[in-house]
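Undergrad: Coordinates in structure17.csv, CSV, C-alpha atoms and all ligand atoms, are listed below.
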```
chain,number,residue,atom,x,y,z
A,871,MET,CA,22.4,-0.6,9.0
A,872,GLN,CA,21.0,0.7,5.7
A,873,ILE,CA,17.9,2.8,5.3
A,874,LEU,CA,15.4,1.5,2.7
A,875,ASP,CA,14.7,4.9,1.2
A,876,GLY,CA,11.1,5.2,-0.1
A,877,LYS,CA,11.8,8.6,-1.5
A,878,LEU,CA,14.6,7.3,-3.7
A,879,VAL,CA,12.9,4.1,-4.8
A,880,SER,CA,9.5,5.7,-5.4
A,881,GLN,CA,11.2,8.5,-7.5
A,882,ALA,CA,13.0,5.9,-9.6
A,883,THR,CA,9.7,4.1,-10.1
A,884,LYS,CA,7.9,7.3,-11.0
A,885,ASP,CA,10.7,8.4,-13.4
A,886,LEU,CA,10.4,5.1,-15.3
A,887,LEU,CA,6.6,5.4,-15.5
A,888,ALA,CA,7.0,9.0,-16.7
A,889,LYS,CA,9.3,7.9,-19.5
A,890,LYS,CA,6.8,5.1,-20.4
A,891,VAL,CA,3.9,7.6,-20.5
A,892,THR,CA,5.9,9.9,-22.8
A,893,GLU,CA,6.4,6.9,-25.1
A,894,LEU,CA,2.7,6.0,-25.0
A,895,LYS,CA,1.8,9.6,-25.9
A,896,ALA,CA,4.4,9.7,-28.7
A,897,LEU,CA,2.7,6.6,-30.2
A,898,GLY,CA,-0.7,8.3,-30.0
A,899,LYS,CA,-1.8,5.9,-27.3
A,900,LYS,CA,-4.0,6.6,-24.4
A,901,THR,CA,-2.8,8.6,-21.4
A,902,PRO,CA,-3.3,6.6,-18.1
A,903,HIS,CA,-6.2,8.1,-16.2
A,904,LEU,CA,-6.8,7.5,-12.5
A,905,ALA,CA,-10.1,8.4,-10.8
A,906,ALA,CA,-10.0,8.8,-7.0
A,907,ILE,CA,-13.1,9.0,-4.8
A,908,LEU,CA,-12.9,10.8,-1.5
A,909,VAL,CA,-15.8,10.8,0.9
A,910,GLY,CA,-15.9,13.2,3.9
A,911,ASN,CA,-13.1,15.4,5.3
A,912,ASP,CA,-10.8,13.0,7.2
A,913,GLY,CA,-7.4,14.8,7.4
A,914,ALA,CA,-5.3,11.7,6.7
A,915,SER,CA,-7.5,10.6,3.8
A,916,GLU,CA,-7.3,14.1,2.3
A,917,THR,CA,-3.5,14.0,2.5
A,918,TYR,CA,-3.3,10.6,0.9
A,919,VAL,CA,-5.6,11.4,-2.0
A,920,ALA,CA,-3.9,14.7,-2.6
A,921,SER,CA,-0.5,13.0,-2.9
A,922,LYS,CA,-1.9,10.4,-5.3
A,923,VAL,CA,-3.5,13.1,-7.5
A,924,LYS,CA,-0.3,15.2,-7.4
A,925,SER,CA,1.9,12.2,-8.3
A,926,CYS,CA,-0.3,11.5,-11.3
A,927,ALA,CA,0.3,15.0,-12.6
A,928,GLU,CA,4.1,14.7,-11.9
A,929,ILE,CA,4.4,11.7,-14.3
A,930,GLY,CA,2.0,12.8,-17.0
A,931,TYR,CA,-1.2,10.8,-16.0
A,932,ASN,CA,-4.6,12.3,-16.1
A,933,SER,CA,-6.5,12.2,-12.9
A,934,THR,CA,-10.1,12.9,-11.7
A,935,LEU,CA,-11.0,13.5,-8.1
A,936,LEU,CA,-14.6,13.0,-7.1
A,937,ARG,CA,-15.4,14.4,-3.7
A,938,PHE,CA,-18.5,13.7,-1.8
A,939,ASP,CA,-19.6,14.8,1.7
A,940,ALA,CA,-19.8,12.3,4.5
A,941,GLN,CA,-23.6,12.1,4.2
A,942,ILE,CA,-23.6,10.8,0.7
A,943,SER,CA,-26.0,7.9,0.3
A,944,GLU,CA,-24.6,4.5,-0.5
A,945,LYS,CA,-26.6,4.3,-3.7
A,946,HIS,CA,-25.3,7.6,-4.9
A,947,LEU,CA,-21.7,6.5,-4.3
A,948,LEU,CA,-22.3,3.2,-6.1
A,949,ASP,CA,-23.9,5.0,-9.0
A,950,ASN,CA,-20.8,7.1,-9.4
A,951,ILE,CA,-18.5,4.1,-9.3
A,952,GLN,CA,-20.7,2.5,-12.0
A,953,MET,CA,-20.4,5.7,-14.0
A,954,LEU,CA,-16.6,5.4,-13.8
A,955,ASN,CA,-16.7,1.7,-14.6
A,956,GLU,CA,-18.5,2.6,-17.8
A,957,ASN,CA,-16.3,5.6,-18.7
A,958,ALA,CA,-13.7,4.2,-21.2
A,959,ASP,CA,-11.3,7.0,-20.6
A,960,ILE,CA,-10.9,6.0,-16.9
A,961,ASP,CA,-8.3,3.2,-16.4
A,962,GLY,CA,-8.1,3.0,-12.6
A,963,ILE,CA,-10.5,3.6,-9.8
A,964,LEU,CA,-9.6,4.0,-6.2
A,965,VAL,CA,-12.0,4.7,-3.3
A,966,GLN,CA,-10.1,6.1,-0.4
A,967,LEU,CA,-10.9,4.1,2.7
A,968,PRO,CA,-12.2,4.2,5.4
A,969,LEU,CA,-15.7,5.2,4.4
A,970,PRO,CA,-18.4,6.6,6.7
A,971,LYS,CA,-20.1,3.9,8.8
A,972,HIS,CA,-23.4,3.9,6.9
A,973,ILE,CA,-21.7,2.8,3.7
A,974,ASN,CA,-20.9,-0.8,3.2
A,975,GLU,CA,-17.2,-0.9,2.2
A,976,GLU,CA,-17.4,-4.4,0.9
A,977,LEU,CA,-20.2,-3.5,-1.5
A,978,VAL,CA,-18.3,-0.5,-2.7
A,979,ILE,CA,-15.2,-2.5,-3.4
A,980,ASN,CA,-17.2,-5.2,-5.1
A,981,THR,CA,-18.8,-2.6,-7.4
A,982,ILE,CA,-15.5,-1.5,-8.9
A,983,ASP,CA,-14.8,-3.1,-12.2
A,984,PRO,CA,-12.0,-5.6,-11.4
A,985,SER,CA,-10.1,-4.5,-14.5
A,986,LYS,CA,-10.0,-0.9,-13.1
A,987,ASP,CA,-9.4,-2.0,-9.5
A,988,VAL,CA,-5.9,-0.6,-9.1
A,989,ASP,CA,-6.0,-0.9,-5.3
A,990,GLY,CA,-6.3,-4.7,-5.8
A,991,PHE,CA,-9.1,-5.1,-3.2
A,992,HIS,CA,-11.8,-6.7,-5.4
A,993,PRO,CA,-12.3,-10.3,-4.4
A,994,MET,CA,-11.6,-11.4,-8.0
A,995,ASN,CA,-8.2,-9.8,-7.9
A,996,VAL,CA,-7.5,-11.0,-4.4
A,997,GLY,CA,-8.4,-14.5,-5.6
A,998,LYS,CA,-6.0,-14.2,-8.5
A,999,MET,CA,-3.2,-12.9,-6.2
A,1000,VAL,CA,-3.7,-15.9,-3.9
A,1001,SER,CA,-3.6,-18.2,-6.9
A,1002,GLY,CA,-0.4,-16.5,-8.2
A,1003,LEU,CA,-2.1,-15.3,-11.3
A,1004,PRO,CA,-1.4,-11.9,-12.9
A,1005,THR,CA,-3.5,-9.3,-11.2
A,1006,PHE,CA,-3.4,-5.9,-9.5
A,1007,ILE,CA,-1.5,-6.4,-6.2
A,1008,PRO,CA,-2.7,-4.3,-3.3
A,1009,ALA,CA,-0.6,-1.1,-3.4
A,1010,THR,CA,1.1,-1.2,0.0
A,1011,PRO,CA,2.4,-4.8,-0.1
A,1012,TYR,CA,3.2,-4.3,-3.8
A,1013,GLY,CA,5.2,-1.2,-2.9
A,1014,ILE,CA,7.1,-3.2,-0.2
A,1015,MET,CA,7.9,-5.9,-2.8
A,1016,LEU,CA,9.2,-3.3,-5.2
A,1017,MET,CA,11.4,-1.8,-2.4
A,1018,LEU,CA,12.9,-5.3,-1.6
A,1019,GLU,CA,13.5,-5.9,-5.3
A,1020,HIS,CA,15.2,-2.5,-5.7
A,1021,TYR,CA,17.7,-3.1,-2.9
A,1022,ASN,CA,18.2,-6.7,-4.2
A,1023,ILE,CA,17.4,-8.1,-0.8
A,1024,ASP,CA,17.6,-11.9,-0.8
A,1025,THR,CA,14.5,-13.1,1.0
A,1026,LYS,CA,14.8,-16.8,0.2
A,1027,GLY,CA,14.5,-19.1,3.1
A,1028,LYS,CA,14.1,-16.2,5.6
A,1029,HIS,CA,11.6,-16.2,8.4
A,1030,ALA,CA,9.3,-13.3,8.0
A,1031,VAL,CA,7.0,-12.2,10.8
A,1032,VAL,CA,4.1,-10.1,9.6
A,1033,ILE,CA,2.3,-8.3,12.4
A,1034,GLY,CA,-1.3,-7.4,11.3
A,1035,ARG,CA,-3.7,-9.3,9.2
A,1036,SER,CA,-5.7,-6.6,7.5
A,1037,HIS,CA,-7.0,-7.3,3.9
A,1038,ILE,CA,-5.1,-4.3,2.6
A,1039,VAL,CA,-1.7,-4.9,4.2
A,1040,GLY,CA,-0.8,-7.8,6.5
A,1041,THR,CA,-2.7,-10.7,4.8
A,1042,PRO,CA,-1.5,-9.9,1.2
A,1043,MET,CA,2.0,-9.2,2.5
A,1044,SER,CA,2.1,-12.7,4.0
A,1045,ILE,CA,1.0,-14.3,0.7
A,1046,LEU,CA,3.5,-12.4,-1.4
A,1047,LEU,CA,6.4,-13.1,0.9
A,1048,SER,CA,5.6,-16.8,0.9
A,1049,ARG,CA,5.4,-17.1,-2.9
A,1050,ASN,CA,7.9,-19.1,-4.9
A,1051,ALA,CA,9.6,-16.0,-6.2
A,1052,GLN,CA,12.2,-13.4,-5.5
A,1053,PRO,CA,11.4,-11.4,-3.4
A,1054,GLY,CA,9.5,-14.2,-1.7
A,1055,ASN,CA,10.3,-17.8,-0.7
A,1056,CYS,CA,10.0,-16.8,3.0
A,1057,THR,CA,8.7,-18.9,5.8
A,1058,VAL,CA,5.9,-16.6,7.0
A,1059,THR,CA,4.3,-16.2,10.4
A,1060,LEU,CA,1.2,-14.0,10.4
A,1061,CYS,CA,0.5,-12.4,13.8
A,1062,HIS,CA,-2.5,-10.4,15.0
A,1063,SER,CA,-4.0,-9.1,18.2
A,1064,GLN,CA,-4.7,-12.6,19.5
A,1065,THR,CA,-1.2,-13.8,19.0
A,1066,LYS,CA,0.1,-14.9,22.4
A,1067,ASN,CA,3.9,-14.9,22.0
A,1068,LEU,CA,4.5,-12.0,19.7
A,1069,LYS,CA,7.8,-10.9,21.2
A,1070,GLU,CA,9.2,-14.5,21.0
A,1071,LEU,CA,8.1,-14.8,17.4
A,1072,CYS,CA,9.6,-11.4,16.4
A,1073,LEU,CA,12.9,-12.4,18.0
A,1074,GLN,CA,13.0,-15.3,15.6
A,1075,ALA,CA,12.3,-13.2,12.5
A,1076,ASP,CA,14.8,-12.3,9.8
A,1077,ILE,CA,12.2,-9.9,8.4
A,1078,VAL,CA,9.6,-8.1,10.5
A,1079,VAL,CA,6.8,-6.3,8.7
A,1080,ALA,CA,4.8,-4.1,11.2
A,1081,ALA,CA,1.3,-3.2,10.0
A,1082,ILE,CA,-0.5,-2.7,13.3
A,1083,GLY,CA,-1.5,0.9,13.6
A,1084,ARG,CA,0.1,1.4,17.1
A,1085,PRO,CA,2.8,4.1,17.4
A,1086,ASN,CA,6.2,2.7,18.4
A,1087,TYR,CA,4.9,-0.7,19.2
A,1088,VAL,CA,7.8,-2.7,18.0
A,1089,THR,CA,10.7,-2.1,20.4
A,1090,ALA,CA,14.4,-3.1,20.3
A,1091,ASP,CA,13.9,-6.0,22.6
A,1092,MET,CA,11.6,-7.6,20.0
A,1093,VAL,CA,14.0,-7.5,17.1
A,1094,LYS,CA,17.1,-9.7,16.6
A,1095,ASP,CA,20.4,-8.3,15.4
A,1096,GLY,CA,20.6,-8.0,11.7
A,1097,ALA,CA,16.9,-8.2,11.0
A,1098,ILE,CA,15.2,-6.4,8.1
A,1099,VAL,CA,12.4,-4.2,9.5
A,1100,ILE,CA,9.6,-2.9,7.3
A,1101,ASP,CA,7.5,-0.3,9.1
A,1102,VAL,CA,4.1,0.1,7.5
A,1103,GLY,CA,2.5,2.1,10.3
A,1104,ILE,CA,1.4,5.7,9.8
A,1105,ASN,CA,0.3,7.1,13.1
A,1106,ARG,CA,-0.3,10.7,14.0
A,1107,ILE,CA,0.9,11.7,17.5
A,1108,GLU,CA,0.5,15.1,19.1
A,1109,ASP,CA,3.4,17.4,18.7
A,1110,SER,CA,2.9,21.0,19.8
A,1111,SER,CA,6.2,22.0,18.1
A,1112,LYS,CA,4.6,21.3,14.7
A,1113,LYS,CA,2.3,23.8,12.9
A,1114,SER,CA,-0.1,20.9,12.3
A,1115,GLY,CA,-0.1,19.9,16.0
A,1116,PHE,CA,1.0,16.4,15.2
A,1117,ARG,CA,3.8,14.3,13.7
A,1118,LEU,CA,3.9,11.0,12.0
A,1119,VAL,CA,5.5,7.9,13.5
A,1120,GLY,CA,5.5,4.3,12.5
A,1121,ASP,CA,4.7,1.1,14.4
A,1122,VAL,CA,8.4,0.6,15.1
A,1123,LYS,CA,10.4,2.6,17.7
A,1124,PHE,CA,12.8,3.7,15.0
A,1125,ASP,CA,15.6,5.2,17.1
A,1126,GLU,CA,16.2,2.1,19.2
A,1127,VAL,CA,15.4,-0.5,16.6
A,1128,ALA,CA,17.4,0.9,13.7
A,1129,PRO,CA,20.9,0.3,15.1
A,1130,LYS,CA,20.1,-3.5,15.4
A,1131,CYS,CA,18.8,-3.8,11.8
A,1132,SER,CA,20.5,-4.7,8.5
A,1133,TYR,CA,17.8,-2.7,6.7
A,1134,ILE,CA,14.9,-0.6,8.0
A,1135,THR,CA,12.3,1.7,6.4
A,1136,PRO,CA,11.7,5.1,8.0
A,1137,VAL,CA,8.4,6.8,8.7
A,1138,PRO,CA,7.8,9.1,6.9
A,1139,GLY,CA,9.9,8.4,3.8
A,1140,GLY,CA,9.5,4.7,3.6
A,1141,VAL,CA,6.5,2.4,2.7
A,1142,GLY,CA,4.0,5.3,2.3
A,1143,LEU,CA,5.8,6.7,-0.7
A,1144,MET,CA,6.1,3.2,-2.2
A,1145,THR,CA,2.4,2.7,-1.8
A,1146,ILE,CA,1.8,5.6,-4.2
A,1147,ALA,CA,4.5,4.4,-6.6
A,1148,ALA,CA,2.8,0.9,-6.7
A,1149,LEU,CA,-0.6,2.4,-7.3
A,1150,LEU,CA,0.8,4.4,-10.2
A,1151,LYS,CA,2.3,1.2,-11.6
A,1152,ASN,CA,-1.0,-0.6,-11.3
A,1153,THR,CA,-2.7,2.3,-13.1
A,1154,TYR,CA,-0.2,2.1,-15.9
A,1155,ASN,CA,-0.8,-1.6,-16.3
A,1156,ALA,CA,-4.5,-1.0,-16.3
A,1157,ALA,CA,-4.1,1.5,-19.1
A,1158,ILE,CA,-2.1,-0.8,-21.2
A,1159,GLY,CA,-4.2,-3.8,-20.3
A,1160,GLU,CA,-1.6,-5.7,-18.4
A,1161,LYS,CA,-1.4,-7.0,-14.9
A,1162,GLU,CA,1.6,-7.3,-12.7
A,1163,HIS,CA,2.8,-10.8,-12.2
A,1164,LEU,CA,5.3,-11.2,-9.4
A,1165,ASN,CA,6.1,-14.9,-9.8
B,1,LIG,N1,2.3,3.1,4.5
B,1,LIG,C1,1.2,3.0,3.9
B,1,LIG,O1,1.0,3.3,2.7
B,1,LIG,C2,0.0,2.4,4.6
B,1,LIG,C3,-1.1,1.8,3.9
B,1,LIG,C4,-2.1,1.3,4.7
B,1,LIG,C5,-2.0,1.3,6.1
B,1,LIG,N2,-1.0,2.0,6.7
B,1,LIG,C6,-0.8,2.0,8.1
B,1,LIG,O2,-0.5,0.7,8.6
B,1,LIG,C7,-1.1,0.5,9.8
B,1,LIG,C8,-1.9,-0.8,9.7
B,1,LIG,O3,-3.0,-0.5,8.8
B,1,LIG,P1,-4.1,-1.6,8.5
B,1,LIG,O4,-5.1,-0.9,7.6
B,1,LIG,O5,-3.5,-2.9,8.2
B,1,LIG,O6,-4.8,-1.6,10.0
B,1,LIG,P2,-6.0,-2.5,10.6
B,1,LIG,O7,-6.9,-2.8,9.6
B,1,LIG,O8,-6.4,-1.7,11.8
B,1,LIG,O9,-5.2,-3.8,11.1
B,1,LIG,C9,-4.3,-3.8,12.1
B,1,LIG,C10,-3.9,-5.2,12.4
B,1,LIG,O10,-3.0,-5.2,13.5
B,1,LIG,C11,-3.4,-6.1,14.4
B,1,LIG,N3,-3.0,-5.7,15.8
B,1,LIG,C12,-3.6,-4.7,16.5
B,1,LIG,N4,-3.0,-4.6,17.7
B,1,LIG,C13,-2.1,-5.6,17.8
B,1,LIG,C14,-1.2,-6.1,18.8
B,1,LIG,N5,-1.1,-5.5,20.0
B,1,LIG,N6,-0.4,-7.1,18.5
B,1,LIG,C15,-0.5,-7.8,17.3
B,1,LIG,N7,-1.3,-7.4,16.3
B,1,LIG,C16,-2.1,-6.3,16.5
B,1,LIG,C17,-4.8,-6.3,14.3
B,1,LIG,O11,-5.2,-7.6,14.7
B,1,LIG,P3,-6.8,-8.1,14.7
B,1,LIG,O12,-7.0,-8.5,13.3
B,1,LIG,O13,-6.8,-9.3,15.6
B,1,LIG,O14,-7.6,-7.0,15.1
B,1,LIG,C18,-5.0,-6.1,12.8
B,1,LIG,O15,-4.8,-7.4,12.1
B,1,LIG,C19,-1.8,1.8,10.2
B,1,LIG,O16,-0.9,2.6,10.9
B,1,LIG,C20,-2.1,2.4,8.9
B,1,LIG,O17,-2.2,3.8,8.9
B,1,LIG,C21,0.0,2.5,6.0
```
Would you write the structure of this file as structure tokens?
TA:
Amino acid sequence: MQILDGKLVSQATKDLLAKKVTELKALGKKTPHLAAILVGNDGASETYVASKVKSCAEIGYNSTLLRFDAQISEKHLLDNIQMLNENADIDGILVQLPLPKHINEELVINTIDPSKDVDGFHPMNVGKMVSGLPTFIPATPYGIMLMLEHYNIDTKGKHAVVIGRSHIVGTPMSILLSRNAQPGNCTVTLCHSQTKNLKELCLQADIVVAAIGRPNYVTADMVKDGAIVIDVGINRIEDSSKKSGFRLVGDVKFDEVAPKCSYITPVPGGVGLMTIAALLKNTYNAAIGEKEHLN
């Protein structure tokens, strides 16, 4: 069993981007600039945004963080996004989700200029991804593809079972894995809460991608020997031994599943770090006016 090490791969990606930024600066070109919007005080969202901003600084990007309290009106938020759209110095805009219930997330995403939509959630970018055109690939599935690529994992002809069909993880993951590309060329089964025979399907899978949001949901009896397991889940569970009072676990019961796998991602230290690396890649591409093209 080999661990797919998000720390190692994300660092390699960041090192390469840092080098490219130094080159851009030496040529007198623009420094990539990411703007992040954080609404409210959700602990997990605060942590995610803080790591994104910190990673920007590490590799020489500029970043701007706009913070609003949870009561912000939808209009005020949309006006601020419009302002960032019109600011030529900003290359990428991300709005940390979820947003408070009174704000229409779809409207917010649709307001971001598609050429600055480094999260890849705008319908125009989603449409391009589905059509196999160059675009911003949503950061989490993109990060997973970068990880598979880094470890040179041959996915061709493999049966991938993706559990979870969200717009940000499961659905784009199923599209990317089924593309005529490497990584890709999988036969994909997309599962969700209404799937009847999840265990049976998982047992047929050469690759399992778990993006469910339920701690330790995928157990050893659901995974066949030699499978590749990608754990996207980030779940906080109570742990009084920790100063924070919680610890992070994935959607996969790591201790019992890992020994059966050929490769597995840990939580933390796996997909989460790759998500940030992929976001930084998208931001670089936005700054130089290019889009990633995976096939
Ligand atoms: N590592 C990262 O960077 C990263 C990034 C994003 C998300 N995440 C984590 O990944 C997890 C999933 O996130 P998300 O945003 O995709 O979540 P989400 O929007 O809540 O979607 C969860 C998906 O799982 C499905 N599901 C729920 N219970 C199920 C069950 N018992 N059997 C089969 N499918 C089930 C749901 O089915 P229905 O559609 O039928 O409801 C839904 O499609 C969360 O833990 C989240 O924190 C991590």
Undergrad: Hey, could you make a per-residue contact list for chain A against ligand LIG 1 (chain B) with 8 Å as the cut-off, showing the nearest pair of atoms and its distance in Å to one decimal, counting all atoms listed in the file, sorted by chain and number, as JSON lines?
TA:
```
{"residue": "A:Ala1009", "atom": "CA", "partner": "B:LIG1", "partner_atom": "O1", "distance": 7.7}
{"residue": "A:Thr1010", "atom": "CA", "partner": "B:LIG1", "partner_atom": "O1", "distance": 5.2}
{"residue": "A:Ile1033", "atom": "CA", "partner": "B:LIG1", "partner_atom": "N7", "distance": 5.4}
{"residue": "A:Gly1034", "atom": "CA", "partner": "B:LIG1", "partner_atom": "O10", "distance": 3.5}
{"residue": "A:Arg1035", "atom": "CA", "partner": "B:LIG1", "partner_atom": "O15", "distance": 3.6}
{"residue": "A:Ser1036", "atom": "CA", "partner": "B:LIG1", "partner_atom": "O5", "distance": 4.4}
{"residue": "A:His1037", "atom": "CA", "partner": "B:LIG1", "partner_atom": "O5", "distance": 7.1}
{"residue": "A:Ile1038", "atom": "CA", "partner": "B:LIG1", "partner_atom": "O5", "distance": 6.0}
{"residue": "A:Val1039", "atom": "CA", "partner": "B:LIG1", "partner_atom": "O5", "distance": 4.8}
{"residue": "A:Gly1040", "atom": "CA", "partner": "B:LIG1", "partner_atom": "O5", "distance": 5.8}
{"residue": "A:Cys1061", "atom": "CA", "partner": "B:LIG1", "partner_atom": "C15", "distance": 5.9}
{"residue": "A:His1062", "atom": "CA", "partner": "B:LIG1", "partner_atom": "N7", "distance": 3.5}
{"residue": "A:Ser1063", "atom": "CA", "partner": "B:LIG1", "partner_atom": "N7", "distance": 3.7}
{"residue": "A:Gln1064", "atom": "CA", "partner": "B:LIG1", "partner_atom": "O13", "distance": 5.5}
{"residue": "A:Thr1065", "atom": "CA", "partner": "B:LIG1", "partner_atom": "C15", "distance": 6.3}
{"residue": "A:Leu1068", "atom": "CA", "partner": "B:LIG1", "partner_atom": "C15", "distance": 7.0}
{"residue": "A:Ala1080", "atom": "CA", "partner": "B:LIG1", "partner_atom": "O2", "distance": 7.6}
{"residue": "A:Ala1081", "atom": "CA", "partner": "B:LIG1", "partner_atom": "C8", "distance": 4.0}
{"residue": "A:Ile1082", "atom": "CA", "partner": "B:LIG1", "partner_atom": "O10", "distance": 3.5}
{"residue": "A:Gly1083", "atom": "CA", "partner": "B:LIG1", "partner_atom": "O16", "distance": 3.2}
{"residue": "A:Arg1084", "atom": "CA", "partner": "B:LIG1", "partner_atom": "O16", "distance": 6.4}
{"residue": "A:Pro1085", "atom": "CA", "partner": "B:LIG1", "partner_atom": "O16", "distance": 7.6}
{"residue": "A:Tyr1087", "atom": "CA", "partner": "B:LIG1", "partner_atom": "N5", "distance": 7.7}
{"residue": "A:Asp1101", "atom": "CA", "partner": "B:LIG1", "partner_atom": "N1", "distance": 7.7}
{"residue": "A:Val1102", "atom": "CA", "partner": "B:LIG1", "partner_atom": "N1", "distance": 4.6}
{"residue": "A:Gly1103", "atom": "CA", "partner": "B:LIG1", "partner_atom": "O16", "distance": 3.5}
{"residue": "A:Ile1104", "atom": "CA", "partner": "B:LIG1", "partner_atom": "O16", "distance": 4.0}
{"residue": "A:Asn1105", "atom": "CA", "partner": "B:LIG1", "partner_atom": "O16", "distance": 5.2}
{"residue": "A:Gly1120", "atom": "CA", "partner": "B:LIG1", "partner_atom": "O16", "distance": 6.8}
{"residue": "A:Asp1121", "atom": "CA", "partner": "B:LIG1", "partner_atom": "O16", "distance": 6.8}
{"residue": "A:Gly1140", "atom": "CA", "partner": "B:LIG1", "partner_atom": "N1", "distance": 7.4}
{"residue": "A:Val1141", "atom": "CA", "partner": "B:LIG1", "partner_atom": "N1", "distance": 4.6}
{"residue": "A:Gly1142", "atom": "CA", "partner": "B:LIG1", "partner_atom": "N1", "distance": 3.5}
{"residue": "A:Leu1143", "atom": "CA", "partner": "B:LIG1", "partner_atom": "O1", "distance": 6.8}
{"residue": "A:Met1144", "atom": "CA", "partner": "B:LIG1", "partner_atom": "O1", "distance": 7.1}
{"residue": "A:Thr1145", "atom": "CA", "partner": "B:LIG1", "partner_atom": "O1", "distance": 4.8}
{"residue": "A:Ile1146", "atom": "CA", "partner": "B:LIG1", "partner_atom": "O1", "distance": 7.3}
```
Undergrad: Which residue out of A:Ser1001, A:Asn932, A:Ser1111, A:Asn955 has the minimum interatomic distance to Ile1045 (chain A) when all atoms listed in the file are used?
TA: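 Among A:Ser1001, A:Asn932, A:Ser1111, A:Asn955, it is A:Ser1001 that comes nearest to Ile1045 (chain A).
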Undergrad: Would you mind telling me which residue in A:Gly1115, A:Val1099, A:Lys1066, A:Ala1157 lies nearest to Asp987 (chain A) when using all atoms listed in the file?
TA: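 Result for the nearest residue to Asp987 (chain A): A:Ala1157.
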Undergrad: Skip Ala1156 (chain A) itself and residues of its chain fewer than 5 positions away, then list as a list of chain:residue names all residues within 10 Å of it, counting all atoms listed in the file.
TA: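 Final neighbour list, sorted by chain and number: A:Pro902, A:His903, A:Leu904, A:Ile960, A:Asp961, A:Gly962, A:Ile963, A:Ser985, A:Lys986, A:Asp987, A:Val988, A:Thr1005, A:Phe1006, A:Leu1150, A:Lys1151, A:Lys1161, A:Glu1162.
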Undergrad: Please identify all polymer residues within 10 Å of region 871-877 of chain A, counting only C-alpha atoms, omitting same-chain residues fewer than 3 positions from it, and present them as a compact mmCIF listing (two decimals) with C-alpha atoms, in the frame of the given file.
TA:
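File around32.txt, as written:
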```
# COMPACT_ATOMS: atom_id res chain seq x y z
CA SER A 880 9.50 5.70 -5.40
CA GLN A 881 11.20 8.50 -7.50
CA ALA A 882 13.00 5.90 -9.60
CA THR A 883 9.70 4.10 -10.10
CA GLY A 1013 5.20 -1.20 -2.90
CA ILE A 1014 7.10 -3.20 -0.20
CA MET A 1017 11.40 -1.80 -2.40
CA LEU A 1018 12.90 -5.30 -1.60
CA HIS A 1020 15.20 -2.50 -5.70
CA TYR A 1021 17.70 -3.10 -2.90
CA GLY A 1096 20.60 -8.00 11.70
CA ALA A 1097 16.90 -8.20 11.00
CA ILE A 1098 15.20 -6.40 8.10
CA VAL A 1099 12.40 -4.20 9.50
CA ILE A 1100 9.60 -2.90 7.30
CA ALA A 1128 17.40 0.90 13.70
CA PRO A 1129 20.90 0.30 15.10
CA LYS A 1130 20.10 -3.50 15.40
CA CYS A 1131 18.80 -3.80 11.80
CA SER A 1132 20.50 -4.70 8.50
CA TYR A 1133 17.80 -2.70 6.70
CA ILE A 1134 14.90 -0.60 8.00
CA THR A 1135 12.30 1.70 6.40
CA PRO A 1136 11.70 5.10 8.00
CA VAL A 1137 8.40 6.80 8.70
CA PRO A 1138 7.80 9.10 6.90
CA GLY A 1139 9.90 8.40 3.80
CA GLY A 1140 9.50 4.70 3.60
CA VAL A 1141 6.50 2.40 2.70
CA GLY A 1142 4.00 5.30 2.30
CA LEU A 1143 5.80 6.70 -0.70
CA MET A 1144 6.10 3.20 -2.20
CA THR A 1145 2.40 2.70 -1.80
CA ALA A 1147 4.50 4.40 -6.60
```
Undergrad: Excluding region 965-970 of chain A and residues on its chain fewer than 3 positions from it, collect all residues at most 8 Å away from it, counting only C-alpha atoms, and give them as a count of residues only.
TA: 12
Undergrad: Have a look at A:Leu886, A:Leu964, A:Val1032, A:Asp1109 and name the one nearest to Lys922 (chain A); count all atoms listed in the file.
TA: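 Counting all atoms listed in the file, the residue closest to Lys922 (chain A) is A:Leu964.
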Undergrad: Pick out the closest residue to Asp912 (chain A) from this set: A:Ala896, A:Phe938, A:Ser1044, A:Lys884. Count all atoms listed in the file.
TA: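 When distances to Asp912 (chain A) are compared using all atoms listed in the file, the smallest one comes from A:Phe938.
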Undergrad: Let me make sure I understand: among A:Val1000, A:Ala1148, A:Cys1056, A:Val1119, which one has the smallest atom-to-atom distance to Ser925 (chain A) if we use all atoms listed in the file?
TA: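 That would be A:Ala1148, the residue with the smallest distance to Ser925 (chain A).
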Undergrad: Identify the residues around (-1.4, 7.8, -21.5) within a radius of 10 Å, measuring from all atoms listed in the file in the coordinates stated by the file, and give them as a compact mmCIF listing (two decimals) with C-alpha atoms, in the frame of the given file.
TA:
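Result file result-v6.txt:
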```txt
# COMPACT_ATOMS: atom_id res chain seq x y z
CA ALA A 888 7.00 9.00 -16.70
CA LYS A 890 6.80 5.10 -20.40
CA VAL A 891 3.90 7.60 -20.50
CA THR A 892 5.90 9.90 -22.80
CA GLU A 893 6.40 6.90 -25.10
CA LEU A 894 2.70 6.00 -25.00
CA LYS A 895 1.80 9.60 -25.90
CA ALA A 896 4.40 9.70 -28.70
CA LEU A 897 2.70 6.60 -30.20
CA GLY A 898 -0.70 8.30 -30.00
CA LYS A 899 -1.80 5.90 -27.30
CA LYS A 900 -4.00 6.60 -24.40
CA THR A 901 -2.80 8.60 -21.40
CA PRO A 902 -3.30 6.60 -18.10
CA HIS A 903 -6.20 8.10 -16.20
CA GLY A 930 2.00 12.80 -17.00
CA TYR A 931 -1.20 10.80 -16.00
CA ASN A 932 -4.60 12.30 -16.10
CA ASP A 959 -11.30 7.00 -20.60
CA ASP A 961 -8.30 3.20 -16.40
CA TYR A 1154 -0.20 2.10 -15.90
CA ALA A 1157 -4.10 1.50 -19.10
CA ILE A 1158 -2.10 -0.80 -21.20
```
